[in-house]
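Here is protein08.tsv, consisting of TSV, N, CA and C atoms:
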```tsv
chain	number	residue	atom	x	y	z
A	41	MET	N	0.46	29.28	-11.28
A	41	MET	CA	1.35	28.16	-11.46
A	41	MET	C	0.83	26.94	-10.71
A	42	SER	N	0.39	27.14	-9.46
A	42	SER	CA	-0.09	26.00	-8.69
A	42	SER	C	-1.36	25.40	-9.30
A	43	ARG	N	-2.12	26.25	-9.99
A	43	ARG	CA	-3.33	25.74	-10.62
A	43	ARG	C	-2.98	24.74	-11.73
A	44	ASN	N	-1.92	25.00	-12.47
A	44	ASN	CA	-1.50	24.08	-13.52
A	44	ASN	C	-0.99	22.77	-12.93
A	45	LEU	N	-0.27	22.86	-11.81
A	45	LEU	CA	0.21	21.64	-11.16
A	45	LEU	C	-0.96	20.79	-10.66
A	46	THR	N	-1.97	21.44	-10.13
A	46	THR	CA	-3.13	20.71	-9.63
A	46	THR	C	-3.86	20.03	-10.78
A	47	ARG	N	-3.99	20.71	-11.89
A	47	ARG	CA	-4.65	20.14	-13.05
A	47	ARG	C	-3.85	18.96	-13.60
A	48	ALA	N	-2.52	19.09	-13.61
A	48	ALA	CA	-1.66	18.00	-14.08
A	48	ALA	C	-1.76	16.79	-13.15
A	49	ALA	N	-1.81	17.05	-11.84
A	49	ALA	CA	-1.94	15.96	-10.89
A	49	ALA	C	-3.28	15.26	-11.04
A	50	ALA	N	-4.33	16.02	-11.31
A	50	ALA	CA	-5.66	15.42	-11.50
A	50	ALA	C	-5.67	14.57	-12.77
A	51	ASP	N	-5.02	15.05	-13.83
A	51	ASP	CA	-4.94	14.26	-15.06
A	51	ASP	C	-4.17	12.96	-14.84
A	52	THR	N	-3.11	13.04	-14.06
A	52	THR	CA	-2.32	11.85	-13.77
A	52	THR	C	-3.14	10.84	-12.97
A	53	ARG	N	-3.86	11.32	-11.96
A	53	ARG	CA	-4.71	10.42	-11.17
A	53	ARG	C	-5.78	9.80	-12.03
A	54	ARG	N	-6.38	10.57	-12.91
A	54	ARG	CA	-7.44	10.07	-13.78
A	54	ARG	C	-6.88	9.00	-14.73
A	55	ARG	N	-5.69	9.24	-15.27
A	55	ARG	CA	-5.08	8.27	-16.18
A	55	ARG	C	-4.72	6.97	-15.45
A	56	ARG	N	-4.19	7.10	-14.24
A	56	ARG	CA	-3.85	5.90	-13.46
A	56	ARG	C	-5.11	5.12	-13.10
A	57	ARG	N	-6.16	5.81	-12.72
A	57	ARG	CA	-7.42	5.14	-12.38
A	57	ARG	C	-7.97	4.42	-13.60
A	58	ARG	N	-7.93	5.08	-14.76
A	58	ARG	CA	-8.43	4.47	-15.99
A	58	ARG	C	-7.61	3.23	-16.36
A	59	ASN	N	-6.28	3.32	-16.21
A	59	ASN	CA	-5.43	2.18	-16.52
A	59	ASN	C	-5.67	1.02	-15.56
A	60	SER	N	-5.87	1.30	-14.28
A	60	SER	CA	-6.11	0.21	-13.33
A	60	SER	C	-7.46	-0.44	-13.56
A	61	ILE	N	-8.47	0.34	-13.93
A	61	ILE	CA	-9.77	-0.25	-14.25
A	61	ILE	C	-9.68	-1.10	-15.51
A	62	LEU	N	-8.95	-0.61	-16.51
A	62	LEU	CA	-8.77	-1.37	-17.74
A	62	LEU	C	-8.02	-2.68	-17.48
A	63	LEU	N	-7.00	-2.63	-16.64
A	63	LEU	CA	-6.25	-3.83	-16.29
A	63	LEU	C	-7.15	-4.83	-15.55
A	64	SER	N	-7.99	-4.34	-14.67
A	64	SER	CA	-8.91	-5.23	-13.94
A	64	SER	C	-9.91	-5.88	-14.88
A	65	VAL	N	-10.43	-5.12	-15.83
A	65	VAL	CA	-11.39	-5.67	-16.79
A	65	VAL	C	-10.72	-6.73	-17.66
A	66	VAL	N	-9.50	-6.49	-18.08
A	66	VAL	CA	-8.77	-7.47	-18.90
A	66	VAL	C	-8.51	-8.74	-18.09
A	67	ALA	N	-8.12	-8.60	-16.82
A	67	ALA	CA	-7.86	-9.77	-15.98
A	67	ALA	C	-9.13	-10.59	-15.79
A	68	VAL	N	-10.26	-9.93	-15.56
A	68	VAL	CA	-11.53	-10.65	-15.40
A	68	VAL	C	-11.90	-11.35	-16.71
A	69	ALA	N	-11.68	-10.69	-17.84
A	69	ALA	CA	-12.00	-11.30	-19.14
A	69	ALA	C	-11.14	-12.54	-19.39
A	70	VAL	N	-9.86	-12.48	-19.03
A	70	VAL	CA	-8.98	-13.64	-19.21
A	70	VAL	C	-9.43	-14.79	-18.32
A	71	ILE	N	-9.78	-14.50	-17.09
A	71	ILE	CA	-10.23	-15.54	-16.16
A	71	ILE	C	-11.53	-16.17	-16.65
A	72	VAL	N	-12.47	-15.35	-17.09
A	72	VAL	CA	-13.74	-15.89	-17.58
A	72	VAL	C	-13.50	-16.73	-18.83
A	73	LEU	N	-12.62	-16.30	-19.71
A	73	LEU	CA	-12.30	-17.06	-20.92
A	73	LEU	C	-11.68	-18.40	-20.57
A	74	LEU	N	-10.74	-18.41	-19.62
A	74	LEU	CA	-10.11	-19.67	-19.22
A	74	LEU	C	-11.10	-20.59	-18.53
A	75	LEU	N	-12.03	-20.03	-17.76
A	75	LEU	CA	-13.06	-20.87	-17.15
A	75	LEU	C	-13.99	-21.45	-18.21
A	76	ALA	N	-14.34	-20.65	-19.21
A	76	ALA	CA	-15.23	-21.12	-20.26
A	76	ALA	C	-14.57	-22.22	-21.09
A	77	LEU	N	-13.26	-22.11	-21.30
A	77	LEU	CA	-12.54	-23.12	-22.07
A	77	LEU	C	-12.05	-24.28	-21.21
A	78	GLU	N	-12.40	-24.25	-19.93
A	78	GLU	CA	-12.06	-25.30	-18.96
A	78	GLU	C	-10.55	-25.53	-18.88
A	79	GLN	N	-9.81	-24.47	-18.82
A	79	GLN	CA	-8.36	-24.53	-18.67
A	79	GLN	C	-7.99	-24.31	-17.20
A	80	VAL	N	-8.40	-25.25	-16.36
A	80	VAL	CA	-8.21	-25.12	-14.92
A	80	VAL	C	-6.73	-25.17	-14.55
A	81	ALA	N	-5.96	-26.00	-15.24
A	81	ALA	CA	-4.53	-26.10	-14.94
A	81	ALA	C	-3.83	-24.76	-15.17
A	82	LEU	N	-4.21	-24.08	-16.23
A	82	LEU	CA	-3.62	-22.78	-16.51
A	82	LEU	C	-4.06	-21.74	-15.46
A	83	LEU	N	-5.32	-21.85	-15.00
A	83	LEU	CA	-5.78	-20.96	-13.93
A	83	LEU	C	-5.00	-21.18	-12.64
A	84	TYR	N	-4.74	-22.45	-12.30
A	84	TYR	CA	-3.93	-22.74	-11.12
A	84	TYR	C	-2.53	-22.15	-11.25
A	85	LEU	N	-1.95	-22.27	-12.44
A	85	LEU	CA	-0.62	-21.74	-12.67
A	85	LEU	C	-0.61	-20.22	-12.52
A	86	ILE	N	-1.58	-19.56	-13.10
A	86	ILE	CA	-1.66	-18.09	-13.01
A	86	ILE	C	-1.88	-17.66	-11.56
A	87	ALA	N	-2.74	-18.37	-10.85
A	87	ALA	CA	-2.99	-18.03	-9.44
A	87	ALA	C	-1.74	-18.21	-8.60
A	88	THR	N	-1.00	-19.31	-8.83
A	88	THR	CA	0.22	-19.56	-8.07
A	88	THR	C	1.27	-18.49	-8.35
A	89	LEU	N	1.44	-18.14	-9.61
A	89	LEU	CA	2.40	-17.10	-9.95
A	89	LEU	C	1.97	-15.74	-9.39
A	90	GLY	N	0.68	-15.47	-9.37
A	90	GLY	CA	0.18	-14.22	-8.80
A	90	GLY	C	0.44	-14.12	-7.31
A	91	VAL	N	0.21	-15.21	-6.59
A	91	VAL	CA	0.46	-15.20	-5.15
A	91	VAL	C	1.96	-15.07	-4.88
A	92	ALA	N	2.77	-15.75	-5.67
A	92	ALA	CA	4.23	-15.64	-5.49
A	92	ALA	C	4.69	-14.21	-5.75
A	93	ALA	N	4.16	-13.58	-6.79
A	93	ALA	CA	4.53	-12.19	-7.08
A	93	ALA	C	4.10	-11.26	-5.95
A	94	LEU	N	2.91	-11.48	-5.40
A	94	LEU	CA	2.43	-10.67	-4.29
A	94	LEU	C	3.32	-10.83	-3.06
A	95	LEU	N	3.74	-12.07	-2.78
A	95	LEU	CA	4.62	-12.30	-1.64
A	95	LEU	C	5.98	-11.62	-1.84
A	96	ILE	N	6.49	-11.63	-3.05
A	96	ILE	CA	7.76	-10.97	-3.33
A	96	ILE	C	7.63	-9.46	-3.16
A	97	VAL	N	6.54	-8.89	-3.64
A	97	VAL	CA	6.32	-7.45	-3.49
A	97	VAL	C	6.24	-7.07	-2.03
A	98	VAL	N	5.51	-7.85	-1.24
A	98	VAL	CA	5.37	-7.55	0.19
A	98	VAL	C	6.70	-7.74	0.91
A	99	ALA	N	7.48	-8.75	0.49
A	99	ALA	CA	8.76	-9.00	1.15
A	99	ALA	C	9.73	-7.85	0.93
A	100	PHE	N	9.72	-7.24	-0.24
A	100	PHE	CA	10.65	-6.16	-0.53
A	100	PHE	C	10.07	-4.78	-0.24
A	101	ALA	N	8.83	-4.70	0.17
A	101	ALA	CA	8.20	-3.41	0.44
A	101	ALA	C	8.71	-2.84	1.76
A	102	ASP	N	8.85	-1.53	1.80
A	102	ASP	CA	9.21	-0.85	3.03
A	102	ASP	C	7.91	-0.45	3.71
A	103	LEU	N	7.36	-1.36	4.51
A	103	LEU	CA	6.05	-1.15	5.10
A	103	LEU	C	6.07	-0.10	6.20
A	104	HIS	N	7.19	0.01	6.88
A	104	HIS	CA	7.26	0.96	7.98
A	104	HIS	C	7.52	2.37	7.48
A	105	GLY	N	8.35	2.51	6.46
A	105	GLY	CA	8.63	3.81	5.90
A	105	GLY	C	9.76	4.55	6.59
A	106	ALA	N	10.32	4.00	7.63
A	106	ALA	CA	11.41	4.65	8.35
A	106	ALA	C	12.73	3.98	7.97
A	107	PRO	N	13.82	4.71	8.02
A	107	PRO	CA	15.11	4.08	7.72
A	107	PRO	C	15.48	3.08	8.81
A	108	ALA	N	16.09	2.00	8.40
A	108	ALA	CA	16.48	0.96	9.36
A	108	ALA	C	17.63	1.49	10.21
A	109	ASP	N	17.47	1.41	11.52
A	109	ASP	CA	18.50	1.87	12.45
A	109	ASP	C	19.12	0.63	13.08
A	110	VAL	N	20.25	0.21	12.53
A	110	VAL	CA	20.88	-1.02	12.98
A	110	VAL	C	21.53	-0.84	14.34
A	111	ALA	N	21.98	0.36	14.67
A	111	ALA	CA	22.71	0.59	15.91
A	111	ALA	C	21.81	0.51	17.13
A	112	GLN	N	20.52	0.66	16.97
A	112	GLN	CA	19.62	0.64	18.12
A	112	GLN	C	19.37	-0.80	18.55
A	113	PRO	N	19.58	-1.12	19.83
A	113	PRO	CA	19.35	-2.50	20.29
A	113	PRO	C	17.85	-2.81	20.36
A	114	ALA	N	17.55	-4.09	20.32
A	114	ALA	CA	16.15	-4.51	20.42
A	114	ALA	C	15.64	-4.24	21.83
A	115	PRO	N	14.36	-3.90	21.98
A	115	PRO	CA	13.82	-3.66	23.32
A	115	PRO	C	13.80	-4.94	24.14
A	116	ALA	N	13.96	-4.78	25.44
A	116	ALA	CA	13.97	-5.94	26.32
A	116	ALA	C	12.58	-6.56	26.40
A	117	ASP	N	12.53	-7.86	26.48
A	117	ASP	CA	11.27	-8.57	26.57
A	117	ASP	C	10.93	-8.75	28.05
A	118	SER	N	9.82	-8.18	28.48
A	118	SER	CA	9.44	-8.27	29.89
A	118	SER	C	8.24	-9.18	30.09
A	119	ALA	N	8.03	-10.12	29.18
A	119	ALA	CA	6.86	-10.99	29.30
A	119	ALA	C	6.95	-11.87	30.55
A	120	ALA	N	8.16	-12.36	30.86
A	120	ALA	CA	8.30	-13.21	32.04
A	120	ALA	C	8.07	-12.41	33.31
A	121	ALA	N	8.55	-11.17	33.36
A	121	ALA	CA	8.34	-10.34	34.54
A	121	ALA	C	6.87	-10.01	34.72
A	122	ILE	N	6.16	-9.79	33.63
A	122	ILE	CA	4.74	-9.48	33.74
A	122	ILE	C	3.98	-10.72	34.21
A	123	ALA	N	4.36	-11.88	33.70
A	123	ALA	CA	3.68	-13.11	34.11
A	123	ALA	C	3.92	-13.42	35.58
A	124	ASP	N	5.13	-13.12	36.07
A	124	ASP	CA	5.45	-13.37	37.48
A	124	ASP	C	4.98	-12.25	38.38
A	125	ARG	N	4.42	-11.18	37.80
A	125	ARG	CA	3.97	-9.99	38.52
A	125	ARG	C	5.12	-9.33	39.28
A	126	THR	N	6.32	-9.34	38.67
A	126	THR	CA	7.47	-8.69	39.29
A	126	THR	C	7.89	-7.45	38.52
A	127	ALA	N	7.10	-7.05	37.53
A	127	ALA	CA	7.44	-5.86	36.74
A	127	ALA	C	7.21	-4.62	37.58
A	128	SER	N	7.82	-3.53	37.16
A	128	SER	CA	7.62	-2.27	37.87
A	128	SER	C	6.16	-1.85	37.72
A	129	PRO	N	5.64	-1.07	38.67
A	129	PRO	CA	4.23	-0.67	38.61
A	129	PRO	C	3.89	0.11	37.34
A	130	ALA	N	4.80	0.95	36.86
A	130	ALA	CA	4.52	1.72	35.66
A	130	ALA	C	4.43	0.81	34.45
A	131	ALA	N	5.34	-0.15	34.34
A	131	ALA	CA	5.32	-1.07	33.21
A	131	ALA	C	4.12	-2.00	33.31
A	132	ALA	N	3.80	-2.43	34.52
A	132	ALA	CA	2.67	-3.33	34.69
A	132	ALA	C	1.36	-2.64	34.37
A	133	ALA	N	1.27	-1.35	34.65
A	133	ALA	CA	0.02	-0.63	34.37
A	133	ALA	C	-0.21	-0.48	32.88
A	134	THR	N	0.85	-0.36	32.10
A	134	THR	CA	0.67	-0.16	30.67
A	134	THR	C	0.56	-1.47	29.91
A	135	THR	N	1.08	-2.57	30.47
A	135	THR	CA	1.09	-3.82	29.73
A	135	THR	C	0.22	-4.90	30.34
A	136	SER	N	-0.41	-4.63	31.46
A	136	SER	CA	-1.20	-5.65	32.13
A	136	SER	C	-2.59	-5.73	31.52
A	137	PHE	N	-3.06	-6.95	31.35
A	137	PHE	CA	-4.41	-7.16	30.84
A	137	PHE	C	-5.38	-7.50	31.96
A	138	ALA	N	-4.89	-7.53	33.18
A	138	ALA	CA	-5.73	-7.85	34.32
A	138	ALA	C	-6.58	-6.64	34.68
A	139	PRO	N	-7.79	-6.87	35.24
A	139	PRO	CA	-8.61	-5.73	35.66
A	139	PRO	C	-7.96	-5.00	36.82
A	140	ALA	N	-8.33	-3.74	37.00
A	140	ALA	CA	-7.73	-2.92	38.05
A	140	ALA	C	-8.06	-3.47	39.44
A	141	THR	N	-9.27	-3.96	39.63
A	141	THR	CA	-9.65	-4.54	40.92
A	141	THR	C	-9.92	-6.02	40.71
A	142	PRO	N	-9.54	-6.85	41.67
A	142	PRO	CA	-9.80	-8.28	41.51
A	142	PRO	C	-11.30	-8.58	41.53
A	143	ARG	N	-11.69	-9.54	40.76
A	143	ARG	CA	-13.10	-9.92	40.70
A	143	ARG	C	-13.44	-10.80	41.90
A	144	PRO	N	-14.63	-10.65	42.44
A	144	PRO	CA	-15.01	-11.52	43.56
A	144	PRO	C	-15.25	-12.94	43.06
A	145	HIS	N	-15.04	-13.90	43.98
A	145	HIS	CA	-15.24	-15.30	43.62
A	145	HIS	C	-16.73	-15.58	43.45
A	146	ARG	N	-17.03	-16.40	42.46
A	146	ARG	CA	-18.43	-16.75	42.24
A	146	ARG	C	-18.83	-17.87	43.18
A	147	ARG	N	-20.02	-17.78	43.66
A	147	ARG	CA	-20.53	-18.84	44.52
A	147	ARG	C	-21.00	-20.00	43.68
A	148	LYS	N	-20.82	-21.18	44.21
A	148	LYS	CA	-21.29	-22.37	43.50
A	148	LYS	C	-22.79	-22.45	43.60
A	149	ARG	N	-23.41	-22.85	42.53
A	149	ARG	CA	-24.87	-22.99	42.54
A	149	ARG	C	-25.27	-24.25	43.29
A	150	THR	N	-26.28	-24.12	44.03
A	150	THR	CA	-26.81	-25.30	44.72
A	150	THR	C	-28.05	-25.78	43.98
A	151	ARG	N	-28.16	-27.07	43.86
A	151	ARG	CA	-29.31	-27.62	43.12
A	151	ARG	C	-30.36	-28.13	44.06
```

Go ahead and express the file in the form of C-alpha cells.
Amino acid sequence: MSRNLTRAAADTRRRRRRNSILLSVVAVAVIVLLLALEQVALLYLIATLGVAALLIVVAFADLHGAPADVAQPAPADSAAAIADRTASPAAAATTSFAPATPRPHRRKRTR
C-alpha cells in the first residue's frame, strides 16, 4: 500500500514540476514577445501587478507556522540596560557584542 502512495506522490511532484516549468516558459515567451513589439508600458504594468501580487501573498502568508498566541505579552526590551551596562551578567553575556576582554589602547605613531 505504501508503495502505491509513494508512486502517486512522485507522479504529483512530477506533474507540478512540469506545470511550473511550462508556466515559466510561457512567461518568458510573453516577456520576449512584448520586448520585441516594444510594448514597454505593458511590461511596466505587468511588472507592477506582479510585485503587488507578491506583496499580497507575503502579507497573508503564515511565515512562522505557529498559531498566534495573543495572551502572551511581548518580551521586555533591554536595549537601554545593555547600553548602560546595567543588565544582569547572564543577559549581558548572551546579548553583548563587546569582546570578553578589553582591548589595549593603541599607541600613537610618531613621525

- request: Between CA of Phe100 (chain A) and CA of Asn59 (chain A), measure the distance and give it in Å to one decimal.
  value: 24.2 Å

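When CA of Ser64 (chain A) is paired with CA of Thr46 (chain A), their separation reads 26.9 Å.
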
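The interatomic distance for the pair atom C of Ala49 (chain A) and atom C of Val97 (chain A) works out to 25.9 Å.
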
Edge lengths and centre in Å to one decimal, as JSON, of the axis-aligned box that encloses all listed atoms of region 75-89 of chain A with 4 Å added on every side?
```
{"center_x": -6.4, "center_y": -20.9, "center_z": -15.1, "size_x": 25.6, "size_y": 18.4, "size_z": 22.0}
```

task: Per DSSP on the backbone, filter region 48-106 of chain A down to the residues in helix (DSSP H, G or I) and report them as a VMD selection string.
output: chain A and resid 48 to 76 80 to 100

task: Would you list the contacts of region 83-91 of chain A as a list in words, taking every protein, DNA or RNA residue within 12 Å and counting only C-alpha atoms, but skipping same-chain residues closer than 6 positions in sequence?
output: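 Everything that qualifies: Ala67, Val68, Val70, Ile71, Val72, Leu73, Leu74, Leu75, Ala76, Leu77, Val97 and Val98 of chain A.
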